[in-house]
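J.: Coordinates in start_7.txt, compact mmCIF, C-alpha atoms and all ligand atoms, are listed below.
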# COMPACT_ATOMS: atom_id res chain seq x y z
CA MET C 532 -9.05 -24.70 39.17
CA PRO C 533 -6.74 -23.18 36.59
CA PHE C 534 -3.33 -23.55 38.23
CA PRO C 535 -1.55 -26.00 38.57
CA ILE C 536 -3.65 -27.89 36.01
CA HIS C 537 -3.06 -25.23 33.39
CA ARG C 538 0.43 -24.01 32.77
CA PRO C 539 0.53 -22.09 29.46
CA ARG C 540 4.31 -22.01 29.72
CA ARG C 541 4.38 -25.71 28.76
CA LEU C 542 3.89 -24.60 25.18
CA ARG C 543 6.56 -21.92 25.35
CA GLY C 544 9.55 -23.91 26.54
CA ARG C 545 11.06 -24.86 23.19
CA ALA C 546 11.40 -23.03 19.91
CA LEU C 547 10.19 -26.11 17.98
CA LEU C 548 6.89 -26.23 19.81
CA ARG C 549 6.45 -22.46 19.79
CA ARG C 550 6.72 -22.61 16.02
CA MET C 551 4.13 -25.41 15.83
CA VAL C 552 1.50 -23.58 17.87
CA ARG C 553 2.10 -20.17 16.32
CA GLU C 554 -1.23 -18.63 15.27
CA THR C 555 0.02 -16.10 12.75
CA ARG C 556 2.74 -16.59 10.17
CA LEU C 557 4.26 -14.17 7.73
CA HIS C 558 4.82 -15.12 4.13
CA PRO C 559 6.33 -12.84 1.49
CA CYS C 560 3.52 -13.72 -0.93
CA GLU C 561 1.23 -11.60 1.24
CA PHE C 562 3.44 -8.53 0.80
CA ILE C 563 2.79 -5.84 -1.76
CA GLU C 564 5.84 -3.66 -2.30
CA PRO C 565 5.28 0.03 -3.15
CA LEU C 566 7.75 1.44 -5.68
CA PHE C 567 8.24 4.91 -7.15
CA ALA C 568 8.85 5.23 -10.88
CA VAL C 569 10.35 8.22 -12.71
CA PRO C 570 10.25 8.60 -16.49
CA SER C 571 13.97 8.26 -17.18
CA LYS C 572 15.64 5.08 -18.32
CA ARG C 573 18.18 5.02 -15.53
CA ALA C 574 17.77 6.62 -12.10
CA ARG C 575 18.20 5.48 -8.55
CA LYS C 576 17.62 8.55 -6.43
CA PRO C 577 17.48 7.89 -2.69
CA ILE C 578 14.42 9.22 -0.88
CA SER C 579 15.94 10.89 2.15
CA SER C 580 12.82 10.60 4.31
CA MET C 581 12.60 6.86 3.60
CA PRO C 582 16.03 5.21 4.00
CA GLY C 583 16.38 2.26 1.63
CA GLN C 584 13.74 3.56 -0.82
CA PHE C 585 14.43 5.16 -4.19
CA GLN C 586 12.86 6.96 -7.09
CA LEU C 587 13.61 4.49 -9.85
CA GLY C 588 14.15 4.89 -13.59
CA ILE C 589 12.33 2.33 -15.72
CA GLU C 590 15.27 -0.05 -16.12
CA ASP C 591 16.22 0.22 -12.46
CA LEU C 592 12.60 -0.49 -11.59
CA VAL C 593 12.70 -3.67 -13.66
CA GLU C 594 15.88 -4.78 -11.85
CA GLU C 595 14.36 -3.96 -8.47
CA CYS C 596 11.23 -5.95 -9.30
CA GLY C 597 13.34 -8.87 -10.46
CA ARG C 598 14.80 -9.02 -6.96
CA SER C 599 11.33 -8.79 -5.41
CA LEU C 600 10.16 -11.67 -7.56
CA GLU C 601 13.14 -13.80 -6.50
CA LEU C 602 12.30 -13.10 -2.87
CA GLY C 603 8.76 -14.38 -3.41
CA ILE C 604 7.05 -11.04 -2.84
CA GLY C 605 3.42 -11.25 -3.94
CA ALA C 606 3.11 -8.05 -5.93
CA VAL C 607 4.39 -4.55 -6.45
CA ILE C 608 2.30 -1.38 -6.47
CA LEU C 609 3.52 1.46 -8.66
CA PHE C 610 3.46 5.19 -8.01
CA GLY C 611 4.56 7.51 -10.78
CA ILE C 612 6.35 10.83 -10.62
CA PRO C 613 5.71 12.70 -13.88
CA PRO C 614 8.17 15.10 -15.54
CA LYS C 615 5.62 17.93 -15.37
CA LYS C 616 2.51 18.58 -13.30
CA ASP C 617 -0.61 20.48 -14.33
CA PRO C 618 -3.95 21.40 -12.73
CA LEU C 619 -5.76 18.40 -14.25
CA GLY C 620 -3.02 15.87 -13.55
CA SER C 621 -2.79 14.84 -17.19
CA GLY C 622 0.46 12.93 -16.54
CA GLY C 623 -1.66 10.40 -14.66
CA TYR C 624 -3.70 9.32 -17.65
CA ALA C 625 -1.24 10.01 -20.51
CA ARG C 626 -0.99 6.84 -22.60
CA ASP C 627 2.81 7.14 -22.59
CA GLY C 628 2.99 8.43 -19.00
CA VAL C 629 5.49 7.09 -16.52
CA VAL C 630 3.23 4.39 -15.06
CA PRO C 631 2.05 2.91 -18.39
CA ARG C 632 5.68 2.90 -19.56
CA ALA C 633 6.77 1.17 -16.36
CA ILE C 634 3.96 -1.39 -16.67
CA ARG C 635 4.89 -2.24 -20.25
CA ALA C 636 8.59 -2.60 -19.36
CA LEU C 637 7.82 -4.82 -16.37
CA LYS C 638 5.42 -7.00 -18.34
CA ARG C 639 7.96 -7.38 -21.12
CA SER C 640 10.82 -8.49 -18.81
CA LEU C 641 9.15 -10.17 -15.84
CA LYS C 642 6.26 -12.36 -16.93
CA ASP C 643 5.56 -13.69 -13.45
CA LEU C 644 5.49 -10.35 -11.67
CA TYR C 645 2.08 -9.23 -10.41
CA VAL C 646 1.79 -5.50 -11.02
CA ILE C 647 -0.69 -3.22 -9.29
CA ALA C 648 -1.05 0.47 -10.15
CA ASP C 649 -2.12 3.07 -7.63
CA VAL C 650 -4.80 5.31 -9.16
CA CYS C 651 -4.73 8.88 -7.89
CA LEU C 652 -4.04 12.34 -9.21
CA CYS C 653 -2.03 13.92 -6.38
CA GLU C 654 1.34 12.96 -7.86
CA TYR C 655 0.31 14.56 -11.14
CA THR C 656 -1.52 17.75 -10.20
CA SER C 657 0.30 21.06 -9.77
CA HIS C 658 -1.79 21.77 -6.64
CA GLY C 659 -1.09 18.34 -5.16
CA HIS C 660 -4.70 17.44 -4.45
CA CYS C 661 -6.19 14.10 -5.46
CA GLY C 662 -8.68 15.44 -8.03
CA VAL C 663 -9.95 18.47 -9.90
CA ILE C 664 -10.18 21.72 -7.97
CA GLU C 665 -12.24 24.86 -8.34
CA GLY C 666 -10.79 27.61 -6.20
CA GLU C 667 -9.91 25.67 -3.09
CA ARG C 668 -12.73 23.14 -3.44
CA LEU C 669 -12.12 19.62 -4.67
CA LEU C 670 -14.82 18.57 -7.12
CA ASN C 671 -15.87 14.97 -6.66
CA ASP C 672 -17.70 13.99 -9.84
CA PRO C 673 -15.41 15.65 -12.40
CA SER C 674 -12.50 13.91 -10.67
CA LEU C 675 -14.13 10.51 -11.24
CA LYS C 676 -13.78 10.81 -15.01
CA LEU C 677 -10.06 11.48 -14.74
CA LEU C 678 -9.48 8.69 -12.25
CA ALA C 679 -11.31 6.31 -14.58
CA LYS C 680 -9.08 7.46 -17.45
CA CYS C 681 -5.99 6.69 -15.37
CA ALA C 682 -7.27 3.19 -14.60
CA VAL C 683 -8.05 2.46 -18.26
CA ALA C 684 -4.62 3.73 -19.34
CA TYR C 685 -2.93 1.37 -16.88
CA ALA C 686 -5.18 -1.52 -17.85
CA ASP C 687 -4.46 -0.96 -21.54
CA ALA C 688 -0.74 -0.99 -20.70
CA GLY C 689 -1.22 -4.45 -19.15
CA VAL C 690 -1.44 -3.89 -15.42
CA ASP C 691 -2.81 -6.77 -13.30
CA MET C 692 -4.85 -4.74 -10.78
CA VAL C 693 -5.72 -1.12 -10.07
CA ALA C 694 -5.98 0.48 -6.65
CA PRO C 695 -7.83 3.80 -6.45
CA SER C 696 -6.58 5.90 -3.52
CA ALA C 697 -8.11 9.34 -4.13
CA MET C 698 -10.99 8.88 -1.64
CA MET C 699 -13.53 10.34 -4.07
CA ASP C 700 -17.06 9.07 -3.50
CA GLY C 701 -18.02 6.63 -6.24
CA GLN C 702 -14.47 6.11 -7.50
CA VAL C 703 -14.63 2.32 -7.46
CA GLY C 704 -17.91 2.28 -9.39
CA ALA C 705 -16.69 4.82 -11.94
CA ILE C 706 -13.50 2.86 -12.52
CA ARG C 707 -15.37 -0.46 -12.71
CA SER C 708 -17.70 0.74 -15.44
CA ALA C 709 -14.92 2.46 -17.40
CA LEU C 710 -12.80 -0.70 -17.24
CA ASP C 711 -15.74 -2.83 -18.34
CA ARG C 712 -16.50 -0.52 -21.26
CA ALA C 713 -12.85 -0.78 -22.32
CA GLY C 714 -12.97 -4.58 -22.25
CA HIS C 715 -11.22 -5.09 -18.91
CA GLN C 716 -14.05 -6.91 -17.13
CA GLU C 717 -11.60 -9.34 -15.54
CA LEU C 718 -9.29 -6.72 -14.01
CA PRO C 719 -9.65 -6.61 -10.21
CA ILE C 720 -9.95 -3.42 -8.18
CA LEU C 721 -8.36 -2.97 -4.76
CA GLY C 722 -10.22 -0.12 -3.08
CA TYR C 723 -8.38 2.11 -0.64
CA SER C 724 -11.69 2.00 1.19
CA ALA C 725 -10.86 3.30 4.65
CA LYS C 726 -8.07 5.75 4.00
CA TYR C 727 -7.54 8.17 6.85
CA ALA C 728 -6.28 11.75 6.70
CA SER C 729 -3.04 10.73 8.38
CA ALA C 730 0.15 12.53 9.35
CA PHE C 731 1.91 9.21 8.74
CA TYR C 732 1.91 9.96 4.98
CA GLY C 733 4.52 12.70 5.44
CA PRO C 734 7.57 10.84 4.07
CA PHE C 735 5.58 9.50 1.08
CA ARG C 736 4.68 13.01 0.01
CA GLN C 737 8.37 13.83 -0.16
CA ALA C 738 8.99 10.59 -2.07
CA ALA C 739 6.18 11.22 -4.56
CA GLU C 740 6.49 15.01 -4.51
CA SER C 741 2.77 15.15 -3.82
CA ALA C 742 2.20 17.39 -0.79
CA PRO C 743 -0.89 19.60 -1.29
CA ALA C 744 0.02 23.20 -2.15
CA PHE C 745 -2.79 24.56 0.04
CA GLY C 746 -5.05 23.15 2.72
CA ASP C 747 -5.01 19.45 3.54
CA ARG C 748 -6.85 16.25 2.63
CA ARG C 749 -9.34 16.22 5.51
CA GLY C 750 -12.15 17.11 3.11
CA TYR C 751 -11.88 13.73 1.42
CA GLN C 752 -9.79 11.36 3.54
CA MET C 753 -11.31 9.96 6.72
CA ASP C 754 -11.18 11.44 10.20
CA PRO C 755 -8.76 9.33 12.31
CA SER C 756 -11.32 9.35 15.13
CA ASN C 757 -13.88 7.28 13.22
CA ARG C 758 -14.30 3.53 13.13
CA ARG C 759 -17.91 2.90 12.12
CA GLU C 760 -17.45 5.15 9.13
CA ALA C 761 -14.72 2.79 7.91
CA LEU C 762 -17.27 -0.01 7.76
CA HIS C 763 -19.60 2.23 5.78
CA GLU C 764 -16.82 3.05 3.30
CA VAL C 765 -15.98 -0.65 2.95
CA ASP C 766 -19.65 -1.54 2.33
CA LEU C 767 -19.92 1.18 -0.31
CA ASP C 768 -16.75 0.06 -2.09
CA ILE C 769 -17.83 -3.57 -2.15
CA GLY C 770 -21.22 -2.44 -3.42
CA GLU C 771 -19.48 -0.59 -6.24
CA GLY C 772 -17.50 -3.69 -7.17
CA ALA C 773 -14.28 -3.59 -5.14
CA ASP C 774 -12.67 -7.04 -5.27
CA LEU C 775 -10.45 -6.30 -2.28
CA VAL C 776 -10.60 -3.54 0.31
CA MET C 777 -7.91 -1.70 2.25
CA VAL C 778 -7.39 0.02 5.56
CA LYS C 779 -4.70 2.69 5.60
CA PRO C 780 -2.53 3.40 7.61
CA ALA C 781 -2.10 0.08 9.42
CA LEU C 782 -0.43 0.37 12.79
CA SER C 783 -2.61 3.05 14.37
CA TYR C 784 -5.71 1.40 12.89
CA LEU C 785 -5.41 -2.25 13.96
CA ASP C 786 -8.87 -2.04 15.53
CA VAL C 787 -10.28 -0.90 12.19
CA ILE C 788 -8.50 -3.74 10.38
CA ALA C 789 -9.96 -6.25 12.84
CA GLU C 790 -13.46 -4.91 12.45
CA VAL C 791 -13.28 -4.70 8.66
CA LYS C 792 -11.96 -8.26 8.55
CA ARG C 793 -14.86 -9.51 10.66
CA ARG C 794 -17.39 -7.98 8.29
CA SER C 795 -15.76 -8.14 4.88
CA PRO C 796 -16.60 -10.96 2.48
CA VAL C 797 -13.58 -9.96 0.35
CA PRO C 798 -9.85 -9.99 1.16
CA VAL C 799 -8.58 -7.17 3.35
CA ALA C 800 -5.32 -5.34 2.72
CA ALA C 801 -3.58 -2.95 5.10
CA TYR C 802 -1.07 -0.28 4.12
CA ASN C 803 1.93 -0.07 6.45
CA VAL C 804 2.60 3.50 5.33
CA SER C 805 5.70 5.64 4.87
CA GLY C 806 5.67 7.25 8.32
CA GLU C 807 5.41 3.87 9.99
CA TYR C 808 8.37 2.66 7.94
CA SER C 809 10.51 5.74 8.50
CA MET C 810 10.03 5.69 12.28
CA VAL C 811 11.44 2.16 12.38
CA LYS C 812 14.35 3.11 10.12
CA ALA C 813 15.17 6.23 12.14
CA ALA C 814 15.16 4.40 15.46
CA ALA C 815 17.18 1.53 13.99
CA GLU C 816 19.79 3.94 12.59
CA ARG C 817 20.26 5.27 16.11
CA GLY C 818 20.64 1.77 17.48
CA TRP C 819 17.56 2.16 19.65
CA ILE C 820 15.68 -0.87 18.37
CA ASP C 821 16.43 -4.25 16.79
CA GLU C 822 15.22 -3.53 13.26
CA PRO C 823 14.50 -7.10 12.06
CA ARG C 824 12.62 -8.03 15.22
CA VAL C 825 10.62 -4.82 15.37
CA THR C 826 9.77 -5.04 11.67
CA LEU C 827 8.61 -8.65 11.87
CA GLU C 828 6.65 -7.87 15.04
CA ILE C 829 4.87 -4.98 13.33
CA LEU C 830 4.05 -7.01 10.21
CA THR C 831 2.87 -9.92 12.35
CA SER C 832 0.59 -7.62 14.34
CA ILE C 833 -0.98 -6.28 11.15
CA ARG C 834 -1.64 -9.85 9.98
CA ARG C 835 -2.88 -10.88 13.43
CA ALA C 836 -5.34 -7.99 13.42
CA GLY C 837 -6.82 -9.48 10.27
CA ALA C 838 -5.05 -8.17 7.19
CA ASP C 839 -4.75 -10.77 4.44
CA LEU C 840 -2.27 -8.62 2.52
CA ILE C 841 0.19 -5.96 3.65
CA LEU C 842 1.48 -3.11 1.53
CA THR C 843 4.88 -2.43 3.02
CA TYR C 844 8.20 -0.78 2.18
CA HIS C 845 9.81 -3.40 4.43
CA ALA C 846 8.82 -6.12 1.92
CA LYS C 847 12.31 -7.06 0.69
CA ASP C 848 14.01 -6.85 4.08
CA ALA C 849 11.23 -8.79 5.72
CA ALA C 850 11.26 -11.45 3.00
CA ARG C 851 15.00 -11.92 3.56
CA TRP C 852 14.63 -12.12 7.32
CA ILE C 853 11.80 -14.64 7.02
CA ALA C 854 13.93 -16.75 4.67
CA GLU C 855 16.73 -16.65 7.27
CA GLY C 856 14.30 -18.10 9.78
CA ARG C 857 14.12 -14.97 11.93
CA GLU C 858 11.11 -14.60 14.14
CA PRO C 859 9.37 -11.61 15.67
C1 LIG C 901 -2.00 8.97 -3.02
C2 LIG C 901 -1.41 8.15 -1.96
C3 LIG C 901 -0.81 8.54 -0.75
C4 LIG C 901 -0.31 7.40 -0.17
C5 LIG C 901 -0.64 6.34 -1.00
N1 LIG C 901 -1.34 6.82 -2.09
C6 LIG C 901 -0.55 9.87 -0.19
C7 LIG C 901 -1.61 10.73 0.32
O1 LIG C 901 -2.80 10.40 0.37
O2 LIG C 901 -1.21 11.85 0.63
C8 LIG C 901 0.46 7.32 1.12
C9 LIG C 901 1.38 6.18 1.24
C10 LIG C 901 2.37 6.25 2.33
O3 LIG C 901 2.42 7.16 3.16
O4 LIG C 901 3.18 5.32 2.38
N2 LIG C 901 -3.22 9.53 -2.76
Give the structure from this file in structure tokens form.
Ligand code: PBG

T.:
Amino acid sequence: MPFPIHRPRRLRGRALLRRMVRETRLHPCEFIEPLFAVPSKRARKPISSMPGQFQLGIEDLVEECGRSLELGIGAVILFGIPPKKDPLGSGGYARDGVVPRAIRALKRSLKDLYVIADVCLCEYTSHGHCGVIEGERLLNDPSLKLLAKCAVAYADAGVDMVAPSAMMDGQVGAIRSALDRAGHQELPILGYSAKYASAFYGPFRQAAESAPAFGDRRGYQMDPSNRREALHEVDLDIGEGADLVMVKPALSYLDVIAEVKRRSPVPVAAYNVSGEYSMVKAAAERGWIDEPRVTLEILTSIRRAGADLILTYHAKDAARWIAEGREP
């Protein structure tokens, strides 16, 4: 006899009670803010495909991160854009490359900032692929050595966590043993475990100048049609020593996030990627949606699906809206 005994609306009548019985809450400390660093001292170049995002010179990056810290954002994740690209992506593991320089500057000025470095080669290779190529084939095992070199370079510069995103088989294990050999046994690894070959990365590739010069990434990133395979990737990464795992993108993969969360003994991150961000911005610019509400609703849904952490370009805006008491 559900009705009239049960009336779920009793709990919805007043904002105070709705807040009390809310199942999912957003907190800025669960946000990881992606930022793009360029090797100049001063630069703040708008990324046209991602309104509100910039390629930042080192000092501008430090200022930007200072604001993130004040807003209570949990961490930043750095992507570097090198001055020159080459076939082996040497700018990714150069000791004085843009990311190590950015890490050192951030660590010098902002002691409390938690700094993560993305580990991939696509921003640094002239062909735009995430590893070493031979003809048009991407070679898995030779790429591992270079990815491990990147991770060690960032660790030596003082980074707090590394996040390999190249989708090479064995990348977490290769990076773990290289870090251990270099004395960084305590440095955690966030695996981009279930990273799909997604069209939602389009705006990022403009931001990071990393679109592949030929072909696509379907030979190494996952097929969007697959869910069980994501669990396999997560198991493999945890087996290789991943301390946290990730599903990417987020919004079209909420089912994958939920399933990974159910099975994973380690924290689960989800990457609310560039295309997801830019769609919201574009619609908001046209006045078609209420940007704060839509943004908070999206972030809430990613958390509700099971993500413990969210990588999102909305981090600062969302942190401000949360502080203002806005709700999805
Ligand atoms: C690098 C990398 C990409 C993203 C994060 N790390 C691009 C890609 O795989 O092409 C995408 C992030 C985004 O779209 O916001 N491999």

J.: Using all atoms of ligand LIG 901 (chain C) listed in the file and a margin of 6 Å per side, can you give the axis-aligned box centre and edge lengths in Å to one decimal, as AutoDock Vina command-line options?

T.:
--center_x 0.0 --center_y 8.6 --center_z 0.1 --size_x 18.4 --size_y 18.5 --size_z 18.2

J.: Rank nothing, just name the residue among C:Val787, C:Val765, C:Ile589, C:Ile612 nearest to Phe735 (chain C), using all atoms listed in the file.

T.: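 Of C:Val787, C:Val765, C:Ile589, C:Ile612, the one nearest Phe735 (chain C) is C:Ile612, counting all atoms listed in the file.
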
J.: Please identify all protein, DNA and RNA residues within 10 Å of ligand LIG 901 (chain C), counting all atoms listed in the file, and report them as an NGL selection string.

T.: :C and (565 or 581 or 608-610 or 649-654 or 659-662 or 694-698 or 723 or 726-743 or 747-748 or 751-752 or 779-780 or 802-809 or 842-844)

J.: Work out how far apart CA of Lys812 (chain C) and CA of Leu600 (chain C) are and give it in Å to one decimal.

T.: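 Value for the CA of Lys812 (chain C)-CA of Leu600 (chain C) distance: 23.4 Å.
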
J.: Distance cut-off 10 Å, centre (5.8, -16.2, -2.9) in file coordinates, counting only C-alpha atoms: which residues qualify? Return them as number ranges by chain.

T.: C: 558-562, 599-606, 850

J.: Env of Ala705 (chain C): 12 Å cut, atoms = all atoms listed in the file, seq-sep filter 4 positions within chain, self excluded. Answer as a list in words.

T.: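 Answer for this query is Asn671, Asp672, Pro673, Ser674, Leu675, Lys676, Leu677, Leu678, Ala679, Lys680, Cys681, Ala682, Val683, Pro695, Met699, Asp700, Gly701, Ala709, Leu710, Asp711, Arg712, Ile720, Asp768, Glu771, Gly772 and Ala773 of chain C.
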
J.: How many Å lie between CA of Lys576 (chain C) and CA of Glu816 (chain C), rounded to one decimal?

T.: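 These two atoms are separated by 19.7 Å.
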
J.: I'd like the contact shell of Ile833 (chain C) - 9 Å cut-off, all atoms listed in the file, skipping same-chain residues fewer than 2 positions apart - returned as a list in words.

T.: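 Contacts, with the query itself left out: Ala781, Leu782, Leu785, Ile788, Ala801, Asn803, Glu828, Ile829, Leu830, Thr831, Arg835, Ala836, Gly837, Ala838, Asp839 and Ile841 of chain C.
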
J.: Can you work out the spacing between CA of Gly714 (chain C) and CA of Phe567 (chain C) in Å, to one decimal?

T.: 27.7 Å

J.: Counting only C-alpha atoms, what is within 6 Å of region 640-647 of chain C, bar same-chain residues fewer than 4 positions away, as a list in words?

T.: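 Final neighbour list, sorted by chain and number: Ala606, Val607, Ile608, Val690, Asp691, Met692 and Val693 of chain C.
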
J.: How would region 724-741 of chain C of the given structure read as a file with N, CA and C atoms, as a compact mmCIF listing (two decimals), in the first residue's frame?

T.:
# COMPACT_ATOMS: atom_id res chain seq x y z
N SER C 724 43.29 4.48 -16.79
CA SER C 724 43.14 3.05 -17.08
C SER C 724 42.20 2.79 -18.25
N ALA C 725 40.99 3.34 -18.14
CA ALA C 725 40.00 3.15 -19.19
C ALA C 725 39.86 4.47 -19.94
N LYS C 726 40.77 4.67 -20.88
CA LYS C 726 40.75 5.88 -21.68
C LYS C 726 40.27 5.52 -23.09
N TYR C 727 39.14 6.10 -23.46
CA TYR C 727 38.50 5.75 -24.72
C TYR C 727 39.00 6.63 -25.87
N ALA C 728 38.96 6.07 -27.07
CA ALA C 728 39.29 6.84 -28.28
C ALA C 728 38.09 7.73 -28.56
N SER C 729 38.10 8.93 -28.01
CA SER C 729 36.90 9.76 -27.97
C SER C 729 37.02 11.01 -28.82
N ALA C 730 35.92 11.36 -29.48
CA ALA C 730 35.87 12.62 -30.23
C ALA C 730 35.74 13.81 -29.29
N PHE C 731 35.47 13.54 -28.02
CA PHE C 731 35.36 14.63 -27.04
C PHE C 731 36.71 15.25 -26.68
N TYR C 732 37.81 14.70 -27.19
CA TYR C 732 39.13 15.29 -26.92
C TYR C 732 39.49 16.40 -27.90
N GLY C 733 38.59 16.65 -28.86
CA GLY C 733 38.91 17.62 -29.92
C GLY C 733 39.47 18.95 -29.42
N PRO C 734 38.76 19.65 -28.53
CA PRO C 734 39.27 20.96 -28.10
C PRO C 734 40.62 20.87 -27.38
N PHE C 735 40.85 19.80 -26.63
CA PHE C 735 42.14 19.63 -25.94
C PHE C 735 43.29 19.59 -26.95
N ARG C 736 43.06 18.91 -28.05
CA ARG C 736 44.16 18.76 -29.01
C ARG C 736 44.53 20.10 -29.61
N GLN C 737 43.55 21.01 -29.70
CA GLN C 737 43.90 22.37 -30.12
C GLN C 737 44.66 23.07 -28.98
N ALA C 738 44.21 22.87 -27.76
CA ALA C 738 44.85 23.50 -26.61
C ALA C 738 46.29 23.04 -26.44
N ALA C 739 46.52 21.73 -26.63
CA ALA C 739 47.85 21.17 -26.39
C ALA C 739 48.62 20.99 -27.69
N GLU C 740 48.02 21.40 -28.78
CA GLU C 740 48.65 21.27 -30.10
C GLU C 740 49.13 19.84 -30.30
N SER C 741 48.23 18.88 -30.07
CA SER C 741 48.65 17.48 -30.05
C SER C 741 47.81 16.56 -30.94
